[in-house]
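**Student:** Take this structure, written in structure tokens, and hold onto it; I'll ask about it next.
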Amino acid sequence: MIKTKKAEKKTAAKMNTISYHMKCAQTANGLTHFVMYGDVPKKKMPL
Amino acid sequence: MKNGRGLSFSDIGADWKLALDPDNIFWGIIPRDNGEFILPDNLMDLYKKERKHLDTELYNFRFNADLNCIYIDPTDRCNANCPYCYIPSRLRKQGAQMTAEDMDKALAKIEEHFKNIKKKPVIVFHAAEPLLVKDMLFDAIKKYRKKFLFGIQTNALLLEKEDAEFIKKNRIGIGISLDAASADINNRSRVTAKGGGNFKKAVQALDWFNGYEGLNVICTVTKYNVDRLSELVKFLHKKKVPCVLLNPVRLTQRRAVNLKPDDMLFARNLIQAVETAMELSRKSGRQIVVGNFANVILAIISPAARRMMCDISPCGGGRTFLTVTADGSMVPCGEFISMKEFSGGNIFKTSISSAMSSKPFKKIRTRIVEKIDECNTCSFRHICGSPCPAEMHARGNIYQKAAFCEFYKEIIKYAFKIIAEDKVKYILREGSLSQMQYEYRY
């Protein structure tokens with residue numbers, strides 16, 4: 001029974017319309033640390 | 001809808017409908033409800049509220065972003081002979097090579113150009129093979145390390161353990177070229193000038209870097225390795241590589257055309273590689289990011305945060321970056337190295353500003369999706385950006401749609417599915433999301 005409720009909740013959450021927009025807030029070079037050359041953080045990042 | 005503006009609708013699998021303004025990348029993903037898709041009124045209200053701000057943000061990103069990266073090719077020569085290389089073989093065998101004095105002059109000029117800019121510009125030592133002159137590069141890095149952020153792209157054939165230590169110590173970004181997880185497949189495309197391939201040396205380099213945060217692997221996807229991408233991701237994850245780029249082969253040189261993988265086969269295999277990366281990252285707690293797919297996700301959720309400047313219109317060539325070739329010529333991008341008509345001047349004789357305002361640079365900056373047939377009506381035009389102008393110029397007309405158009409459409413639809421399923425956190429590097437904030441959220 002509990003399992004069913006959880007599953008229902010999951011389905012309900014999945015059924016919502018989604019829309020969002022994000023902005024870089026804090027970066028080393030004005031851009032996100034995510035991939036490329038030249039933006040290796042000075043301190044170790046979690047990998 | 002005014003002046004043809006508004007939301008377009010497309011299917012994202014069977015369960016979701018995408019509402020998207022192609023001109024500013026406002027999007028909403030609407031679930032099926034009792035067999036139907038109903039556009040919520042308040043999503044339209046949000047769209048009307050955010051539209052102007054998103055228009056401005058995308059416009060500024062496309063047309064007002066500053067130059068922030070200079071690629072330097074310290075030598076035209078290469079110790080490899082990859083069949084898809086965009087540098088003609090004549091140049092790779094006998095091309096120019098900078099002296100230490102040339103390099104210093106170039107870097108001093110770049111420093112002068114950026115002297116009033118607060119953010120450190122990025123210098124990437126790139127093709128052909130920069131480590132052919134590694135002593136000169138490392139001396140330049142030592143001298144200018146407080147002025148610039150540095151990166152190196154290499155086939156690793158000349159990389160030694162102490163070089164790797166120097167790179168890690170100085171927090172230099174490093175890209176290693178590797179096309180497959182097995183020597184026989186990798187060495188078909190990553191061929192050394194003497195025969196054989198770079199597999200052994202590249203893998204040794206990955207071991208030396210041992211999970212270094214600034215490491216990424218660049219894989220050029222061709223018909224040779226297109227069905228082995230997932231296997232490569234597994235291999236690189238074991239080697240603690242944090243990021244891999246699975247880039248489509250550029251068709252700038254004629255001999256690369258025969259290596260182009262089928263678009264749909266590439267899309268299926270890239271999606272499988274991304275699924276593998278997510279599963280490995282979740283299970284192990286150690287991430288591997290497929291960088292070019294992460295960039296597609298960014299193009300949707302935070303368009304101005306994307307890093308790779310090929311997949312944006314106009315591309316970043318001659319706009320946010322330029323390339324200085326070994327003879328000092330400034331071209332919008334390394335892909336133009338063999339096209340003299342695209343030189344915007346010589347860094348040893350003319351200024352960077354004059355190159356930026358030169359006719360060939362303007363030609364690349366004005367190559368926009370709005371002027372390309374099919375792209376001008378495609379909903380995804382500002383997510384893929386229809387690369388690449390150099391490739392299309394080589395194929396006779398700069399105003400042609402992307403060679404991998406169908407591939408991009410498939411992976412963009414998949415990216416929206418990933419967003420709908422709330423899996424973005426597994427796609428972007430962890431440190432990335434924590435540096436971002438919601439501007440709005442429905």
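As shown in the structure tokens, the chain order sets the letters A, B, ...; within each chain, residues go from 1, and ligands are also counted from 1 in the order they appear.
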Residues of chain B within 6 Å of chain A, counting only C-alpha atoms, what are they? List them as a compact mmCIF listing (two decimals) with all heavy atoms, in the first residue's frame.
**Tutor:**
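Listed below is the output, iface_32.txt:
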# COMPACT_ATOMS: atom_id res chain seq x y z
N TRP B 27 11.04 28.04 -22.80
CA TRP B 27 10.47 26.72 -23.07
C TRP B 27 9.60 26.26 -21.91
O TRP B 27 9.79 26.68 -20.76
CB TRP B 27 11.57 25.68 -23.33
CG TRP B 27 12.59 25.62 -22.21
CD1 TRP B 27 13.75 26.34 -22.12
CD2 TRP B 27 12.52 24.84 -21.00
NE1 TRP B 27 14.41 26.06 -20.95
CE2 TRP B 27 13.69 25.14 -20.24
CE3 TRP B 27 11.60 23.92 -20.49
CZ2 TRP B 27 13.93 24.55 -19.00
CZ3 TRP B 27 11.86 23.34 -19.26
CH2 TRP B 27 13.01 23.65 -18.53
N GLY B 28 8.64 25.41 -22.23
CA GLY B 28 7.86 24.72 -21.22
C GLY B 28 7.65 23.30 -21.70
O GLY B 28 7.42 23.07 -22.91
N ILE B 29 7.77 22.35 -20.80
CA ILE B 29 7.55 20.94 -21.19
C ILE B 29 6.25 20.51 -20.51
O ILE B 29 6.13 20.53 -19.28
CB ILE B 29 8.73 20.05 -20.75
CG1 ILE B 29 10.06 20.61 -21.27
CG2 ILE B 29 8.54 18.64 -21.29
CD1 ILE B 29 11.29 19.88 -20.74
N ILE B 30 5.30 20.14 -21.36
CA ILE B 30 3.93 19.90 -20.88
C ILE B 30 3.63 18.39 -20.91
O ILE B 30 3.85 17.74 -21.95
CB ILE B 30 2.93 20.65 -21.79
CG1 ILE B 30 3.28 22.14 -21.79
CG2 ILE B 30 1.49 20.43 -21.34
CD1 ILE B 30 2.89 22.85 -23.06
N PRO B 31 3.20 17.83 -19.78
CA PRO B 31 2.94 16.38 -19.77
C PRO B 31 1.57 16.05 -20.39
O PRO B 31 0.68 16.90 -20.44
CB PRO B 31 2.93 16.06 -18.27
CG PRO B 31 2.46 17.32 -17.63
CD PRO B 31 2.94 18.46 -18.48
N LYS B 119 38.60 40.27 -16.20
CA LYS B 119 38.69 38.80 -16.27
C LYS B 119 39.93 38.39 -17.04
O LYS B 119 40.25 38.97 -18.07
CB LYS B 119 37.47 38.24 -17.02
CG LYS B 119 36.18 38.35 -16.27
CD LYS B 119 35.05 37.94 -17.17
CE LYS B 119 33.72 38.36 -16.57
NZ LYS B 119 32.63 38.28 -17.55
N VAL B 122 41.69 33.65 -21.77
CA VAL B 122 42.14 32.25 -21.85
C VAL B 122 43.03 32.09 -23.08
O VAL B 122 42.68 32.56 -24.17
CB VAL B 122 40.92 31.31 -21.96
CG1 VAL B 122 41.36 29.86 -22.10
CG2 VAL B 122 40.00 31.47 -20.76
N LEU B 149 44.76 32.55 -18.24
CA LEU B 149 44.45 31.16 -17.92
C LEU B 149 44.89 30.34 -19.13
O LEU B 149 44.63 30.75 -20.26
CB LEU B 149 42.95 30.98 -17.68
CG LEU B 149 42.36 31.80 -16.53
CD1 LEU B 149 40.85 31.81 -16.60
CD2 LEU B 149 42.82 31.23 -15.19
N PHE B 150 45.54 29.22 -18.90
CA PHE B 150 46.10 28.47 -20.03
C PHE B 150 45.43 27.11 -20.23
O PHE B 150 44.99 26.47 -19.26
CB PHE B 150 47.60 28.24 -19.80
CG PHE B 150 48.45 29.45 -20.08
CD1 PHE B 150 48.93 30.23 -19.03
CD2 PHE B 150 48.75 29.83 -21.38
CE1 PHE B 150 49.71 31.35 -19.28
CE2 PHE B 150 49.53 30.94 -21.64
CZ PHE B 150 50.02 31.72 -20.59
N GLY B 151 45.42 26.69 -21.49
CA GLY B 151 44.98 25.34 -21.84
C GLY B 151 45.86 24.79 -22.95
O GLY B 151 46.47 25.57 -23.70
N ARG B 171 47.73 24.41 -12.82
CA ARG B 171 46.28 24.42 -13.05
C ARG B 171 45.94 24.76 -14.51
O ARG B 171 45.05 25.56 -14.81
CB ARG B 171 45.56 25.41 -12.11
CG ARG B 171 45.98 25.34 -10.65
CD ARG B 171 45.79 23.98 -10.03
NE ARG B 171 44.40 23.64 -9.79
CZ ARG B 171 43.99 22.41 -9.45
NH1 ARG B 171 44.86 21.42 -9.33
NH2 ARG B 171 42.72 22.17 -9.21
N GLY B 173 44.46 23.78 -18.15
CA GLY B 173 43.49 22.87 -18.75
C GLY B 173 44.21 22.01 -19.78
O GLY B 173 45.07 22.50 -20.52
N GLY B 214 41.30 19.52 -14.43
CA GLY B 214 41.43 20.26 -15.69
C GLY B 214 41.58 19.36 -16.91
O GLY B 214 41.84 19.85 -18.01
N ARG B 286 31.39 9.23 -8.63
CA ARG B 286 32.44 9.98 -9.33
C ARG B 286 31.93 10.26 -10.74
O ARG B 286 31.61 9.35 -11.49
CB ARG B 286 33.74 9.16 -9.36
CG ARG B 286 34.87 9.83 -10.11
CD ARG B 286 36.21 9.17 -9.80
NE ARG B 286 36.19 7.71 -9.83
CZ ARG B 286 36.20 6.99 -10.96
NH1 ARG B 286 36.25 7.58 -12.12
NH2 ARG B 286 36.18 5.67 -10.90
N GLN B 287 31.88 11.56 -11.05
CA GLN B 287 31.23 11.95 -12.29
C GLN B 287 32.11 11.82 -13.52
O GLN B 287 33.31 12.06 -13.45
CB GLN B 287 30.84 13.42 -12.20
CG GLN B 287 29.35 13.66 -12.08
CD GLN B 287 29.00 15.11 -12.33
OE1 GLN B 287 29.74 16.01 -11.97
NE2 GLN B 287 27.86 15.33 -12.94
N ILE B 301 18.76 25.43 -20.57
CA ILE B 301 18.39 25.92 -19.23
C ILE B 301 19.08 27.23 -18.86
O ILE B 301 18.63 27.96 -17.99
CB ILE B 301 18.66 24.86 -18.12
CG1 ILE B 301 20.15 24.58 -17.98
CG2 ILE B 301 17.86 23.59 -18.39
CD1 ILE B 301 20.49 23.75 -16.74
N SER B 302 20.20 27.52 -19.51
CA SER B 302 20.93 28.75 -19.21
C SER B 302 21.78 29.14 -20.43
O SER B 302 23.01 28.99 -20.41
CB SER B 302 21.82 28.51 -17.98
OG SER B 302 22.47 29.70 -17.61
N ARG B 429 28.53 19.14 -14.60
CA ARG B 429 29.48 18.91 -13.51
C ARG B 429 28.90 19.51 -12.23
O ARG B 429 28.31 20.59 -12.24
CB ARG B 429 30.81 19.56 -13.86
CG ARG B 429 31.94 19.03 -13.05
CD ARG B 429 33.24 19.65 -13.50
NE ARG B 429 33.93 18.79 -14.42
CZ ARG B 429 35.22 18.96 -14.75
NH1 ARG B 429 35.90 19.95 -14.26
NH2 ARG B 429 35.81 18.13 -15.57
N SER B 432 29.16 23.04 -11.30
CA SER B 432 28.48 23.95 -12.21
C SER B 432 27.15 24.43 -11.65
O SER B 432 26.87 25.61 -11.58
CB SER B 432 28.19 23.19 -13.49
OG SER B 432 28.68 23.82 -14.59
N GLN B 435 26.91 26.88 -8.88
CA GLN B 435 27.27 28.26 -9.22
C GLN B 435 26.17 28.96 -10.02
O GLN B 435 26.37 30.04 -10.56
CB GLN B 435 28.55 28.28 -10.04
CG GLN B 435 29.76 27.90 -9.23
CD GLN B 435 31.01 27.89 -10.07
OE1 GLN B 435 31.08 28.54 -11.08
NE2 GLN B 435 31.99 27.13 -9.64
N MET B 436 25.03 28.31 -10.13
CA MET B 436 23.94 28.90 -10.91
C MET B 436 22.73 29.12 -10.03
O MET B 436 22.57 28.46 -9.02
CB MET B 436 23.60 27.96 -12.08
CG MET B 436 24.76 27.81 -13.03
SD MET B 436 24.53 26.49 -14.19
CE MET B 436 23.48 27.27 -15.36
N GLN B 437 21.90 30.07 -10.44
CA GLN B 437 20.67 30.29 -9.68
C GLN B 437 19.49 30.44 -10.62
O GLN B 437 19.65 30.85 -11.77
CB GLN B 437 20.82 31.51 -8.77
CG GLN B 437 21.04 32.80 -9.52
CD GLN B 437 21.49 33.93 -8.59
OE1 GLN B 437 22.07 33.71 -7.54
NE2 GLN B 437 21.23 35.15 -9.02
N TYR B 438 18.31 30.11 -10.10
CA TYR B 438 17.09 30.21 -10.92
C TYR B 438 16.71 31.67 -11.11
O TYR B 438 16.65 32.43 -10.14
CB TYR B 438 15.93 29.48 -10.25
CG TYR B 438 16.06 27.98 -10.31
CD1 TYR B 438 16.55 27.26 -9.22
CD2 TYR B 438 15.72 27.28 -11.45
CE1 TYR B 438 16.69 25.88 -9.27
CE2 TYR B 438 15.84 25.89 -11.52
CZ TYR B 438 16.33 25.20 -10.42
OH TYR B 438 16.47 23.84 -10.49
N GLU B 439 16.44 32.04 -12.34
CA GLU B 439 15.87 33.38 -12.58
C GLU B 439 14.34 33.30 -12.54
O GLU B 439 13.68 34.23 -12.15
CB GLU B 439 16.34 33.92 -13.92
CG GLU B 439 17.78 34.37 -13.87
CD GLU B 439 18.12 35.38 -14.95
OE1 GLU B 439 17.70 35.19 -16.10
OE2 GLU B 439 18.82 36.35 -14.64
N TYR B 440 13.83 32.20 -13.02
CA TYR B 440 12.41 31.89 -12.79
C TYR B 440 12.23 30.39 -12.84
O TYR B 440 13.07 29.66 -13.38
CB TYR B 440 11.49 32.59 -13.81
CG TYR B 440 11.67 32.15 -15.25
CD1 TYR B 440 11.13 30.96 -15.72
CD2 TYR B 440 12.37 32.95 -16.13
CE1 TYR B 440 11.29 30.56 -17.03
CE2 TYR B 440 12.55 32.56 -17.45
CZ TYR B 440 12.00 31.36 -17.89
OH TYR B 440 12.18 30.97 -19.18
N ARG B 441 11.17 29.95 -12.23
CA ARG B 441 10.89 28.51 -12.21
C ARG B 441 9.38 28.33 -12.15
O ARG B 441 8.74 28.86 -11.25
CB ARG B 441 11.55 27.89 -10.97
CG ARG B 441 11.59 26.40 -11.00
CD ARG B 441 12.38 25.90 -9.80
NE ARG B 441 12.67 24.50 -9.92
CZ ARG B 441 13.31 23.79 -9.02
NH1 ARG B 441 13.76 24.37 -7.92
NH2 ARG B 441 13.53 22.51 -9.20
N TYR B 442 8.84 27.62 -13.13
CA TYR B 442 7.38 27.41 -13.17
C TYR B 442 6.99 26.36 -12.15
O TYR B 442 7.65 25.30 -12.10
CB TYR B 442 6.97 26.99 -14.58
CG TYR B 442 5.50 26.73 -14.73
CD1 TYR B 442 4.62 27.79 -14.93
CD2 TYR B 442 5.00 25.44 -14.64
CE1 TYR B 442 3.26 27.55 -15.07
CE2 TYR B 442 3.64 25.20 -14.77
CZ TYR B 442 2.78 26.26 -14.98
OH TYR B 442 1.43 26.02 -15.11
**Student:** Excluding segment 182-192 of chain B and residues on its chain fewer than 5 positions from it, collect all residues at most 8 Å away from it, counting only C-alpha atoms, and give them as a VMD selection string.
**Tutor:** chain B and resid 79 to 84 177 197 to 200 224 to 225
**Student:** If you count only C-alpha atoms, which residues fall within 10 Å of Glu129 of chain B, apart from same-chain ones fewer than 5 positions away, as a ChimeraX atom specification?
**Tutor:** /B:73-80,92,134,152-158
**Student:** Keeping only N, CA and C atoms, write the selected residues as an mmCIF file, in the first residue's frame.
**Tutor:**
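Listed below is the output, again.cif:
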data_model
loop_
_atom_site.group_PDB
_atom_site.id
_atom_site.type_symbol
_atom_site.label_atom_id
_atom_site.label_comp_id
_atom_site.auth_asym_id
_atom_site.auth_seq_id
_atom_site.Cartn_x
_atom_site.Cartn_y
_atom_site.Cartn_z
ATOM 1 N N ASP B 73 48.368 28.578 -32.290
ATOM 2 C CA ASP B 73 48.994 27.399 -32.899
ATOM 3 C C ASP B 73 50.490 27.700 -32.972
ATOM 4 N N PRO B 74 51.297 27.242 -32.023
ATOM 5 C CA PRO B 74 52.712 27.616 -32.035
ATOM 6 C C PRO B 74 53.476 26.957 -33.184
ATOM 7 N N THR B 75 52.902 25.921 -33.720
ATOM 8 C CA THR B 75 53.510 25.262 -34.886
ATOM 9 C C THR B 75 52.388 24.732 -35.782
ATOM 10 N N ASP B 76 52.641 24.769 -37.070
ATOM 11 C CA ASP B 76 51.686 24.160 -38.022
ATOM 12 C C ASP B 76 51.975 22.672 -38.181
ATOM 13 N N ARG B 77 53.135 22.268 -37.652
ATOM 14 C CA ARG B 77 53.580 20.894 -37.908
ATOM 15 C C ARG B 77 52.976 19.907 -36.914
ATOM 16 N N CYS B 78 52.933 18.658 -37.338
ATOM 17 C CA CYS B 78 52.320 17.646 -36.472
ATOM 18 C C CYS B 78 53.047 16.323 -36.614
ATOM 19 N N ASN B 79 53.077 15.593 -35.500
ATOM 20 C CA ASN B 79 53.674 14.263 -35.519
ATOM 21 C C ASN B 79 52.602 13.186 -35.712
ATOM 22 N N ALA B 80 51.396 13.641 -36.058
ATOM 23 C CA ALA B 80 50.323 12.691 -36.352
ATOM 24 C C ALA B 80 49.795 12.957 -37.758
ATOM 25 N N ARG B 92 51.144 20.496 -42.276
ATOM 26 C CA ARG B 92 51.537 19.672 -41.122
ATOM 27 C C ARG B 92 52.961 19.127 -41.265
ATOM 28 N N LYS B 134 57.350 22.175 -26.789
ATOM 29 C CA LYS B 134 56.851 22.261 -25.410
ATOM 30 C C LYS B 134 57.718 23.115 -24.491
ATOM 31 N N ILE B 152 45.952 23.476 -23.012
ATOM 32 C CA ILE B 152 46.744 22.823 -24.068
ATOM 33 C C ILE B 152 45.921 21.662 -24.634
ATOM 34 N N GLN B 153 45.876 21.579 -25.957
ATOM 35 C CA GLN B 153 45.248 20.417 -26.606
ATOM 36 C C GLN B 153 46.346 19.599 -27.273
ATOM 37 N N THR B 154 46.435 18.323 -26.941
ATOM 38 C CA THR B 154 47.564 17.518 -27.438
ATOM 39 C C THR B 154 47.174 16.079 -27.757
ATOM 40 N N ASN B 155 47.950 15.469 -28.645
ATOM 41 C CA ASN B 155 47.762 14.036 -28.905
ATOM 42 C C ASN B 155 48.580 13.187 -27.925
ATOM 43 N N ALA B 156 49.336 13.841 -27.052
ATOM 44 C CA ALA B 156 50.084 13.197 -25.952
ATOM 45 C C ALA B 156 51.304 12.406 -26.401
ATOM 46 N N LEU B 157 51.598 12.404 -27.695
ATOM 47 C CA LEU B 157 52.727 11.583 -28.157
ATOM 48 C C LEU B 157 54.048 12.028 -27.530
ATOM 49 N N LEU B 158 54.166 13.320 -27.238
ATOM 50 C CA LEU B 158 55.429 13.827 -26.682
ATOM 51 C C LEU B 158 55.310 14.183 -25.196
#
**Student:** Between atom CA of Val331 of chain B and atom CA of Phe114 of chain B, what distance in Å does the model show, to one decimal?
**Tutor:**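 So the answer is 18.2 Å.
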